[in-house]
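Colleague: For reference, the file upload.cif (mmCIF, C-alpha atoms) is included below:
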```
data_coords
#
loop_
_atom_site.label_atom_id
_atom_site.label_comp_id
_atom_site.auth_asym_id
_atom_site.auth_seq_id
_atom_site.Cartn_x
_atom_site.Cartn_y
_atom_site.Cartn_z
CA MET E 97 64.85 -32.22 96.23
CA ALA E 98 67.42 -29.65 97.34
CA LEU E 99 71.19 -29.76 97.08
CA LYS E 100 73.40 -29.57 100.17
CA THR E 101 75.99 -26.84 100.35
CA PHE E 102 78.74 -26.56 102.96
CA ARG E 103 80.61 -23.91 104.87
CA PRO E 104 84.04 -23.43 103.21
CA LEU E 105 86.04 -24.88 106.09
CA THR E 106 88.35 -26.51 103.51
CA PRO E 107 89.11 -25.53 99.91
CA SER E 108 87.18 -28.54 98.56
CA LEU E 109 84.03 -27.72 100.55
CA ARG E 110 83.81 -24.22 99.05
CA PHE E 111 82.38 -25.51 95.75
CA THR E 112 80.88 -28.81 96.90
CA GLU E 113 77.17 -29.31 96.18
CA LEU E 114 75.75 -32.75 96.85
CA ASN E 115 72.39 -34.48 96.77
CA GLY E 116 70.26 -34.09 99.87
CA PHE E 117 68.69 -37.57 99.47
CA GLU E 118 65.44 -36.38 101.10
CA GLU E 119 63.40 -38.60 98.79
CA ILE E 120 65.22 -41.78 99.85
CA THR E 121 63.01 -43.82 102.20
CA THR E 122 65.33 -46.70 103.12
CA GLY E 123 68.96 -47.45 103.99
CA ASN E 124 71.74 -48.64 101.68
CA THR E 125 70.65 -52.28 101.70
CA PRO E 126 68.71 -53.31 98.57
CA VAL E 127 66.63 -56.45 98.12
CA LYS E 128 69.44 -59.00 97.68
CA LYS E 129 67.64 -61.28 95.21
CA LEU E 130 67.22 -58.26 92.89
CA THR E 131 70.98 -57.56 92.78
CA GLU E 132 74.21 -59.13 91.62
CA ARG E 133 77.89 -58.37 92.20
CA ILE E 134 79.83 -56.18 89.81
CA LYS E 135 83.35 -57.26 89.01
CA LYS E 136 85.74 -54.35 88.55
CA THR E 137 87.61 -54.41 85.23
CA GLY E 138 89.81 -51.33 85.50
CA GLY E 139 88.85 -50.67 81.88
CA ARG E 140 90.64 -53.84 80.73
CA ASN E 141 89.36 -56.54 78.38
CA SER E 142 89.86 -60.31 78.64
CA TYR E 143 93.44 -59.95 77.38
CA GLY E 144 94.31 -57.53 80.16
CA ARG E 145 94.64 -54.59 77.79
CA VAL E 146 93.15 -51.19 78.59
CA THR E 147 90.29 -50.62 76.15
CA SER E 148 88.49 -47.91 78.12
CA ARG E 149 90.71 -45.29 79.73
CA HIS E 150 90.21 -43.42 83.00
CA ILE E 151 88.50 -46.32 84.82
CA GLY E 152 89.71 -47.89 88.06
CA GLY E 153 89.24 -48.11 91.81
CA GLY E 154 86.03 -46.84 93.36
CA HIS E 155 83.71 -48.16 96.01
CA LYS E 156 82.23 -51.63 95.77
CA GLN E 157 78.77 -51.70 94.15
CA ARG E 158 76.02 -54.21 93.52
CA TYR E 159 73.98 -54.01 90.34
CA ARG E 160 70.21 -53.58 90.80
CA PHE E 161 68.03 -55.41 88.26
CA ILE E 162 65.61 -52.81 86.85
CA ASP E 163 62.33 -53.80 85.21
CA PHE E 164 62.63 -51.93 81.91
CA LYS E 165 59.94 -54.08 80.26
CA ARG E 166 57.06 -53.53 82.73
CA ASN E 167 55.45 -56.68 81.26
CA LYS E 168 53.40 -57.66 84.30
CA HIS E 169 50.19 -56.35 82.75
CA GLY E 170 46.99 -55.95 84.71
CA VAL E 171 48.57 -56.73 88.10
CA LYS E 172 48.47 -53.99 90.74
CA ALA E 173 51.68 -53.06 92.54
CA ILE E 174 52.38 -50.92 95.60
CA VAL E 175 55.44 -48.68 95.88
CA GLU E 176 57.30 -49.93 98.97
CA THR E 177 60.46 -47.79 98.96
CA ILE E 178 62.37 -45.16 97.03
CA GLU E 179 66.06 -46.15 96.97
CA TYR E 180 69.47 -44.91 95.86
CA ASP E 181 71.12 -46.75 92.97
CA PRO E 182 74.91 -46.30 92.68
CA ASN E 183 74.88 -47.44 89.04
CA ARG E 184 72.65 -44.71 87.59
CA THR E 185 71.74 -41.06 88.05
CA ALA E 186 68.03 -41.77 88.69
CA ARG E 187 66.45 -43.05 91.88
CA ILE E 188 64.72 -46.44 91.85
CA ALA E 189 61.42 -47.56 93.38
CA LEU E 190 60.69 -51.01 94.77
CA LEU E 191 57.32 -52.37 93.66
CA LYS E 192 55.52 -55.23 95.39
CA TYR E 193 52.86 -56.85 93.18
CA ALA E 194 49.64 -58.42 94.37
CA ASP E 195 51.11 -61.91 93.82
CA GLY E 196 54.08 -61.10 96.08
CA GLU E 197 56.72 -60.50 93.39
CA GLN E 198 59.08 -57.56 93.86
CA ARG E 199 60.67 -55.50 91.08
CA TYR E 200 62.68 -52.30 90.81
CA ILE E 201 61.64 -49.51 88.42
CA LEU E 202 62.98 -46.03 87.73
CA ALA E 203 61.35 -43.54 90.10
CA PRO E 204 59.65 -40.62 88.30
CA VAL E 205 59.07 -37.18 89.79
CA GLY E 206 56.15 -37.22 92.24
CA LEU E 207 56.13 -40.96 92.93
CA ASN E 208 55.56 -41.64 96.63
CA VAL E 209 55.55 -44.69 98.87
CA GLY E 210 52.14 -46.36 99.07
CA VAL E 211 51.01 -45.39 95.57
CA SER E 212 49.36 -48.13 93.49
CA LEU E 213 50.80 -48.66 90.00
CA SER E 214 50.03 -50.94 87.06
CA SER E 215 50.97 -51.49 83.44
CA GLY E 216 49.17 -52.58 80.30
CA PRO E 217 46.75 -51.13 77.72
CA GLU E 218 44.03 -50.68 80.35
CA ALA E 219 46.20 -48.85 82.91
CA GLU E 220 45.33 -45.27 83.88
CA PRO E 221 47.63 -42.58 82.39
CA ILE E 222 49.02 -41.48 85.76
CA VAL E 223 52.63 -40.97 86.88
CA GLY E 224 54.45 -44.29 87.14
CA ASN E 225 52.06 -46.37 85.04
CA SER E 226 53.32 -47.99 81.85
CA LEU E 227 51.16 -47.94 78.70
CA PRO E 228 51.55 -48.41 74.93
CA LEU E 229 52.34 -45.14 73.15
CA GLU E 230 48.99 -45.29 71.34
CA LYS E 231 47.18 -45.15 74.73
CA ILE E 232 49.16 -42.24 76.18
CA PRO E 233 47.52 -38.76 76.03
CA LEU E 234 49.20 -36.37 73.59
CA GLY E 235 51.56 -33.91 75.26
CA ALA E 236 52.08 -36.05 78.37
CA PRO E 237 55.69 -36.34 79.61
CA ILE E 238 57.02 -39.90 79.29
CA HIS E 239 60.21 -41.80 79.98
CA ASN E 240 61.48 -45.40 79.86
CA ILE E 241 60.58 -45.69 76.15
CA GLU E 242 60.88 -48.85 74.08
CA LEU E 243 62.09 -48.77 70.47
CA ILE E 244 61.10 -52.37 69.64
CA PRO E 245 57.97 -53.89 71.26
CA GLY E 246 58.92 -56.25 74.08
CA ARG E 247 62.64 -55.48 74.07
CA GLY E 248 62.50 -53.13 77.06
CA ALA E 249 63.11 -49.42 77.47
CA GLN E 250 66.11 -47.87 75.74
CA ILE E 251 65.33 -44.12 75.75
CA GLY E 252 64.66 -41.68 78.60
CA ARG E 253 66.31 -43.43 81.53
CA THR E 254 68.64 -40.79 83.00
CA ALA E 255 67.86 -38.32 85.79
CA GLY E 256 65.48 -35.53 84.73
CA SER E 257 64.86 -37.05 81.31
CA SER E 258 61.45 -36.88 79.63
CA ALA E 259 59.99 -37.08 76.12
CA THR E 260 56.61 -36.06 74.68
CA VAL E 261 54.12 -37.87 72.44
CA MET E 262 53.34 -35.48 69.55
CA SER E 263 50.92 -37.59 67.50
CA VAL E 264 49.84 -41.16 66.71
CA ASP E 265 49.05 -42.22 63.16
CA ALA E 266 49.28 -45.31 60.92
CA GLY E 267 50.73 -47.52 63.62
CA TYR E 268 53.48 -45.07 64.63
CA ALA E 269 53.78 -42.45 67.35
CA GLN E 270 55.83 -39.32 66.77
CA VAL E 271 57.82 -38.66 69.94
CA ARG E 272 59.91 -35.59 70.73
CA LEU E 273 62.99 -36.97 72.48
CA PRO E 274 65.02 -35.17 75.19
CA SER E 275 67.60 -34.17 72.53
CA GLY E 276 64.92 -32.34 70.52
CA GLU E 277 64.80 -35.02 67.83
CA ILE E 278 61.34 -36.07 66.63
CA ARG E 279 61.25 -39.78 65.93
CA LYS E 280 58.65 -42.28 64.77
CA ILE E 281 58.27 -45.22 67.18
CA PHE E 282 55.93 -48.20 66.90
CA ALA E 283 52.66 -47.34 68.64
CA GLN E 284 52.69 -50.72 70.43
CA CYS E 285 55.94 -49.83 72.24
CA TYR E 286 55.55 -49.16 75.95
CA ALA E 287 56.55 -46.03 77.84
CA THR E 288 56.06 -44.84 81.41
CA ILE E 289 54.16 -41.68 82.32
CA GLY E 290 56.14 -38.91 84.01
CA GLN E 291 59.63 -37.45 84.14
CA VAL E 292 62.57 -39.34 85.62
CA GLY E 293 63.32 -38.10 89.14
CA ASN E 294 66.44 -36.63 90.79
CA LEU E 295 66.16 -33.42 88.75
CA GLU E 296 69.02 -31.68 90.59
CA HIS E 297 71.61 -34.24 89.53
CA GLU E 298 72.97 -31.98 86.77
CA ASN E 299 73.82 -29.32 89.38
CA VAL E 300 75.87 -31.61 91.62
CA SER E 301 79.49 -30.45 92.10
CA LEU E 302 81.82 -33.14 93.46
CA GLY E 303 84.13 -30.53 94.99
CA LYS E 304 87.34 -32.56 95.05
CA ALA E 305 89.26 -35.09 93.00
CA GLY E 306 88.92 -37.76 95.68
CA ARG E 307 85.15 -37.95 95.23
CA SER E 308 85.69 -38.79 91.55
CA ARG E 309 88.00 -41.61 92.62
CA TRP E 310 85.28 -42.98 94.91
CA LEU E 311 83.08 -43.19 91.81
CA GLY E 312 85.73 -45.20 89.96
CA ARG E 313 86.93 -42.36 87.72
CA ARG E 314 90.70 -42.02 87.26
CA PRO E 315 92.31 -38.75 86.12
CA HIS E 316 91.70 -37.61 82.55
CA VAL E 317 94.91 -36.01 81.29
CA ARG E 318 94.71 -33.58 78.35
CA GLY E 319 96.59 -34.55 75.22
CA MET E 320 98.06 -31.07 74.90
CA VAL E 321 100.14 -31.50 78.06
CA MET E 322 101.56 -34.88 77.03
CA ASN E 323 104.77 -35.59 75.12
CA PRO E 324 104.66 -36.24 71.36
CA VAL E 325 105.32 -39.94 71.95
CA ASP E 326 102.10 -40.20 73.97
CA HIS E 327 99.66 -38.04 71.98
CA PRO E 328 99.50 -36.34 68.53
CA MET E 329 98.76 -33.02 70.21
CA GLY E 330 101.67 -33.29 72.64
CA GLY E 331 104.97 -31.41 72.58
CA GLY E 332 105.84 -27.87 71.62
CA GLN E 333 107.36 -25.05 73.62
CA GLY E 334 104.81 -24.06 76.24
CA LYS E 335 101.14 -24.14 75.38
CA SER E 336 101.13 -25.16 71.72
CA LYS E 337 98.01 -25.49 69.57
CA GLY E 338 99.84 -27.40 66.83
CA GLY E 339 102.05 -29.51 69.09
CA GLY E 340 103.86 -32.37 67.37
CA GLY E 341 103.04 -31.06 63.91
CA ARG E 342 99.57 -32.67 63.77
CA GLN E 343 96.15 -31.11 63.35
CA HIS E 344 94.33 -30.00 66.49
CA PRO E 345 92.23 -31.45 68.04
CA VAL E 346 92.42 -35.21 67.58
CA SER E 347 92.13 -38.34 69.70
CA PRO E 348 95.25 -40.24 70.84
CA TRP E 349 94.81 -42.37 67.69
CA GLY E 350 94.56 -39.43 65.30
CA GLN E 351 90.79 -39.26 64.76
CA PRO E 352 89.38 -35.67 64.64
CA ALA E 353 87.75 -34.96 67.99
CA LYS E 354 85.42 -32.09 67.05
CA GLY E 355 82.95 -31.88 64.21
CA LEU E 356 83.53 -35.32 62.69
CA LYS E 357 80.20 -37.03 62.01
CA THR E 358 80.42 -40.63 63.19
CA ARG E 359 76.85 -41.71 62.46
CA PRO E 360 76.67 -43.92 59.31
CA LYS E 361 75.15 -42.01 56.39
CA TYR E 362 72.82 -44.85 55.42
CA LYS E 363 71.84 -46.16 58.85
CA PRO E 364 68.55 -48.16 58.61
CA SER E 365 66.88 -46.18 61.40
CA ASN E 366 67.18 -42.92 59.41
CA LYS E 367 63.69 -43.52 58.02
CA PHE E 368 62.23 -43.17 61.53
CA ILE E 369 63.76 -39.75 62.19
CA VAL E 370 61.25 -37.02 61.31
CA GLU E 371 63.31 -34.06 62.53
CA ARG E 372 66.94 -34.04 63.59
CA ARG E 373 68.02 -32.73 66.97
CA LYS E 374 68.91 -29.06 67.17
CA ASN E 375 72.65 -28.40 66.93
CA LYS E 376 74.08 -26.43 69.81
CA LYS E 377 75.32 -22.92 68.99
CA HIS E 378 79.03 -22.53 69.66
#
```
Mind converting the file's structure to structure tokens?
Modeller:
Amino acid sequence: MALKTFRPLTPSLRFTELNGFEEITTGNTPVKKLTERIKKTGGRNSYGRVTSRHIGGGHKQRYRFIDFKRNKHGVKAIVETIEYDPNRTARIALLKYADGEQRYILAPVGLNVGVSLSSGPEAEPIVGNSLPLEKIPLGAPIHNIELIPGRGAQIGRTAGSSATVMSVDAGYAQVRLPSGEIRKIFAQCYATIGQVGNLEHENVSLGKAGRSRWLGRRPHVRGMVMNPVDHPMGGGQGKSKGGGGRQHPVSPWGQPAKGLKTRPKYKPSNKFIVERRKNKKH
């Protein structure tokens, strides 16, 4: 999939790079029974108070129900369409099973219309099929990974994401996650073969503020340019690193914004982490 670039006829078009959507095989109308309406909240809770900033407006969207469990084992399905999903970075594929049921799944790289897919312990390890981790060949790229058998996929669901099965032993599979972390996961947990599609998503440049508003994103104002009454880092004469007399940088509520470890020290899942993710070099 290639990105579209534009002649700089306007200032915003100069840096705009958008998806080409060549892989999409249908229009903007999804299967209605596999969707539901999304009510806009504007970032407000049931009391009408803003609990999540920078949210509001945007185009109307319908949520697509995605089959993260792939629990229809042993039943063949045909890929009918590859569709756009406004709620996620990945593309989705519409499967039609032999018994007539339709379900949406995440579309991996290389999945085409007309391909036959299946899930279960006896499924072939080909792109798009879902198998238990103990049945997946070592070194194969996987996505849509469960952490608890039967709960449904929780890891590897964003565009371009993939993990790798390193080894299987004593009822656990060691999986290298997209972050670089190596984690032990129950070998009975299901995962899908392949890498999530829409690889160029990370290179998309919206080009103008208005396109962010179409996506429901309101402006994100830096604390440093606020007044002291609005943010601990506000105030000062000109550009001030210590504005307001508080440490820099912090959140609007005073919590350190860089370097503070927020993961609980004694989290129960620590025992499943074999190797921590690599820290980025600053």
Colleague: Residues of stretch 107-182 of chain E that have any atom at most 9 Å from an atom of stretch 235-257 of chain E: could you tabulate them with the shortest-distance atom pair and the distance in Å to one decimal, using all atoms listed in the file, ordered by chain and increasing number, as CSV?
Modeller:
```
residue,atom,partner,partner_atom,distance
E:Asp163,CA,E:Gly248,CA,8.2
E:Phe164,CA,E:Gly248,CA,5.0
E:Lys165,CA,E:Gly248,CA,4.2
E:Arg166,CA,E:Gly248,CA,7.9
E:Asn167,CA,E:Gly246,CA,8.0
```
Colleague: When the PyMOL selection byres ((chain E and resi 160) around 8) is applied to the structure above, which residues does it catch, written out as a list in words?
Modeller: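 Taken over the shown coordinates, the PyMOL selection byres ((chain E and resi 160) around 8) returns Pro126, Leu130, Thr131, Glu132, Arg158, Tyr159, Phe161, Ile162, Asp181, Asn183 and Tyr200 of chain E.
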Colleague: Can you list, as a PyMOL selection string, the residues that the PyMOL selection byres ((chain E and resi 219-229) around 7) selects here?
Modeller: chain E and resi 166+204+207+213-218+230-232+269+283-290
Colleague: Could you jot down the atom CA of E:Glu113 to atom CA of E:Lys304 separation for me, Å, one decimal place?
Modeller: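 Answer for the atom CA of E:Glu113 to atom CA of E:Lys304 separation: 10.7 Å.
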Colleague: Once the PyMOL selection byres ((chain E and resi 138) around 6) has been applied to the shown file, what residues remain in the selection, as a short mmCIF file (atom, residue, chain, number, x, y, z; two decimals) with C-alpha atoms, in the coordinates of the input?
Modeller:
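And here's expr.cif as it stands now:
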```cif
data_model
loop_
_atom_site.label_atom_id
_atom_site.label_comp_id
_atom_site.auth_asym_id
_atom_site.auth_seq_id
_atom_site.Cartn_x
_atom_site.Cartn_y
_atom_site.Cartn_z
CA LYS E 136 85.74 -54.35 88.55
CA THR E 137 87.61 -54.41 85.23
CA GLY E 139 88.85 -50.67 81.88
CA ARG E 140 90.64 -53.84 80.73
CA ILE E 151 88.50 -46.32 84.82
CA GLY E 152 89.71 -47.89 88.06
#
```
Colleague: For a quick check of understanding, using all atoms listed in the file, which of E:Glu119, E:Glu298, E:Glu277, E:Asp326 has the smallest distance to E:Asn375?
Modeller: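 That would be E:Glu277, the residue with the smallest distance to E:Asn375.
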